[in-house]
Amino acid sequence: MSALSIVAEGPGKYIHWGVIQISVANLAIIGVMILLFILALVVPFPSHDEQADEERGHSR
Amino acid sequence: MTTRESELSTKETADPKNWTNRLRGWLEGLVPKGQALPDRQPVYVASWIYVFGVLTLTSLVVVIASGCVLSLGGAAWWHVSSLGHYVNSIHLWSVELFFGFMVVHLWGKFWMAAWRGKRALTWITGVVLFGVSIGTSFTGFLSQSNFSAQWIGAEGKDGINSIGAGAFFNVLNPGQMLLWHVVLLPLGVGLLTLMHIILVRRHGVVPPLDAELEG
């Protein structure tokens, strides 16, 4: 990417909602983080060996 | 010649007035024995939400490593060479992932009230670390040595001045901002990360709320 193309980049797209003003890029990142958070809670964690997991649970 | 343990007198190793002994005792007592690098965790840790702390730490390692490579060549290198652009992008995107993972880690720990069980200091060091990381990122954007850095500096100066810090923290001074970015703030992030990890290892990973109620 040349220096000229950096200068010539257009302004980002913004969403206006009352007093709230946020760029589409930032809103998308927040959306992805929320999605990641929900997935981290609901997606089952892979377990290689249930026996070993049980041992770990009882070892504490 | 190697000194063997048996060759040292008991008095020599246990003298409480000896500051080396005291320091060694303090270091050895930082985490319970065997908990510095445990290979087993409680069963409730088998959840993706518990992975985001170590993902944040892994991103930080990439951030620091790519930052070290950038400092080898400097701005004249990362702006003009394709390898420099690549390493610069690695540095930027590892920071993006660092903050993304850290925020998910923060949400997870907030909703499981991770300050329970004498873990208040673990929570506090995490919060302060988040703040210092934002400052490190901010000075990084000011150190880009391009128009973006100039614009951020010009916009940021009013905010810094409004809290009375502009006299000694001048965001329009790229030399000062670069040194804060590569020396002072990473030192703060490193020390706080070390403290945070030691506290996690010292008190263990916080159990989920329902696990504690059942227990």
# chains A, B, ... in the order shown; residues from 1 in each chain; ligands from 1
>>> interface_residues(of="chain B", to="chain A", cutoff="10 Å", atoms="only C-alpha atoms", output="NGL selection string")
:B and (40-52 or 79-80 or 82 or 85 or 96 or 100-101 or 103-105 or 107-108 or 146-148)
>>> closest_atom_pairs(of="stretch 153-192 of chain B", to="stretch 61-73 of chain B", cutoff="12 Å", atoms="only C-alpha atoms", output="CSV")
residue,atom,partner,partner_atom,distance
B:Leu178,CA,B:Ser71,CA,10.4
B:Leu179,CA,B:Ser71,CA,11.1
B:His181,CA,B:Gly67,CA,10.0
B:Val182,CA,B:Gly67,CA,8.1
B:Val183,CA,B:Cys68,CA,11.2
B:Leu185,CA,B:Ile64,CA,11.9
B:Pro186,CA,B:Ile64,CA,8.4
B:Leu187,CA,B:Ile64,CA,10.9
B:Val189,CA,B:Ile64,CA,10.6
B:Gly190,CA,B:Ile64,CA,9.8
>>> residues_around(residues="A:Pro11", least_positions_apart="6", cutoff="12 Å", atoms="only C-alpha atoms", output="ChimeraX atom specification")
/A:23-25
>>> write_last_selection(atoms="N, CA and C atoms", output="compact mmCIF listing (two decimals), in the first residue's frame")
# COMPACT_ATOMS: atom_id res chain seq x y z
N SER A 23 -18.86 3.77 14.53
CA SER A 23 -18.52 3.32 13.18
C SER A 23 -19.00 1.88 12.99
N VAL A 24 -19.29 1.55 11.75
CA VAL A 24 -19.75 0.18 11.44
C VAL A 24 -18.69 -0.83 11.84
N ALA A 25 -17.40 -0.47 11.63
CA ALA A 25 -16.30 -1.39 11.96
C ALA A 25 -16.28 -1.68 13.47
>>> atom_distance(atom1="atom CA of B:Phe99", atom2="atom CA of B:Phe130")
8.6 Å
>>> select_by_dssp(residues="stretch 114-174 of chain B", states="helix (DSSP H, G or I)", output="PyMOL selection string")
chain B and resi 120-142+147-162+174
>>> atom_distance(atom1="atom CA of B:Met195", atom2="atom CA of B:Phe169")
26.0 Å
>>> residues_around(residues="B:Ser59", least_positions_apart="2", cutoff="8 Å", atoms="only C-alpha atoms", output="list of chain:residue names")
B:Leu55, B:Thr56, B:Leu57, B:Val61, B:Val62, B:Val63, B:Ser94, B:Val95, B:Leu97, B:Phe98
>>> write_last_selection(atoms="C-alpha atoms", output="compact mmCIF listing (two decimals), in the first residue's frame")
# COMPACT_ATOMS: atom_id res chain seq x y z
CA LEU B 55 -5.53 -16.48 24.84
CA THR B 56 -4.97 -12.91 26.06
CA LEU B 57 -1.58 -13.90 27.44
CA VAL B 61 3.54 -12.64 23.77
CA VAL B 62 3.01 -12.04 20.02
CA VAL B 63 2.54 -8.30 20.65
CA SER B 94 -2.12 -9.21 17.75
CA VAL B 95 -3.09 -6.08 19.73
CA LEU B 97 -6.85 -9.94 19.37
CA PHE B 98 -5.25 -9.10 22.75
>>> atom_distance(atom1="atom CA of B:Ser143", atom2="atom CA of A:Gly10")
22.4 Å
>>> residues_around(residues="stretch 152-168 of chain B", least_positions_apart="4", cutoff="9 Å", atoms="only C-alpha atoms", output="VMD selection string")
chain B and resid 138 141 to 142 147 to 148 172 to 174
>>> write_last_selection(atoms="N, CA and C atoms", output="PDB file, in the first residue's frame")
ATOM      1  N   PHE B 138      -2.701   3.339  23.168  1.00  0.00           N
ATOM      2  CA  PHE B 138      -2.843   4.746  22.756  1.00  0.00           C
ATOM      3  C   PHE B 138      -1.495   5.338  22.340  1.00  0.00           C
ATOM      4  N   PHE B 141      -0.465   4.033  18.942  1.00  0.00           N
ATOM      5  CA  PHE B 141      -1.062   4.735  17.795  1.00  0.00           C
ATOM      6  C   PHE B 141      -0.384   6.084  17.578  1.00  0.00           C
ATOM      7  N   LEU B 142       0.088   6.700  18.696  1.00  0.00           N
ATOM      8  CA  LEU B 142       0.796   7.987  18.571  1.00  0.00           C
ATOM      9  C   LEU B 142       2.214   7.805  18.025  1.00  0.00           C
ATOM     10  N   PHE B 147       0.273  10.319   9.375  1.00  0.00           N
ATOM     11  CA  PHE B 147      -0.770  11.332   9.561  1.00  0.00           C
ATOM     12  C   PHE B 147      -1.790  10.887  10.611  1.00  0.00           C
ATOM     13  N   SER B 148      -2.018   9.579  10.681  1.00  0.00           N
ATOM     14  CA  SER B 148      -2.964   9.056  11.670  1.00  0.00           C
ATOM     15  C   SER B 148      -2.490   9.401  13.085  1.00  0.00           C
ATOM     16  N   LEU B 172       1.601  15.358  21.874  1.00  0.00           N
ATOM     17  CA  LEU B 172       2.111  15.919  20.615  1.00  0.00           C
ATOM     18  C   LEU B 172       3.627  15.771  20.510  1.00  0.00           C
ATOM     19  N   ASN B 173       4.241  15.139  21.501  1.00  0.00           N
ATOM     20  CA  ASN B 173       5.681  14.904  21.492  1.00  0.00           C
ATOM     21  C   ASN B 173       5.938  13.440  21.113  1.00  0.00           C
ATOM     22  N   PRO B 174       6.203  13.167  19.828  1.00  0.00           N
ATOM     23  CA  PRO B 174       6.306  11.755  19.397  1.00  0.00           C
ATOM     24  C   PRO B 174       7.463  11.005  20.048  1.00  0.00           C
TER      25      PRO B 174
END
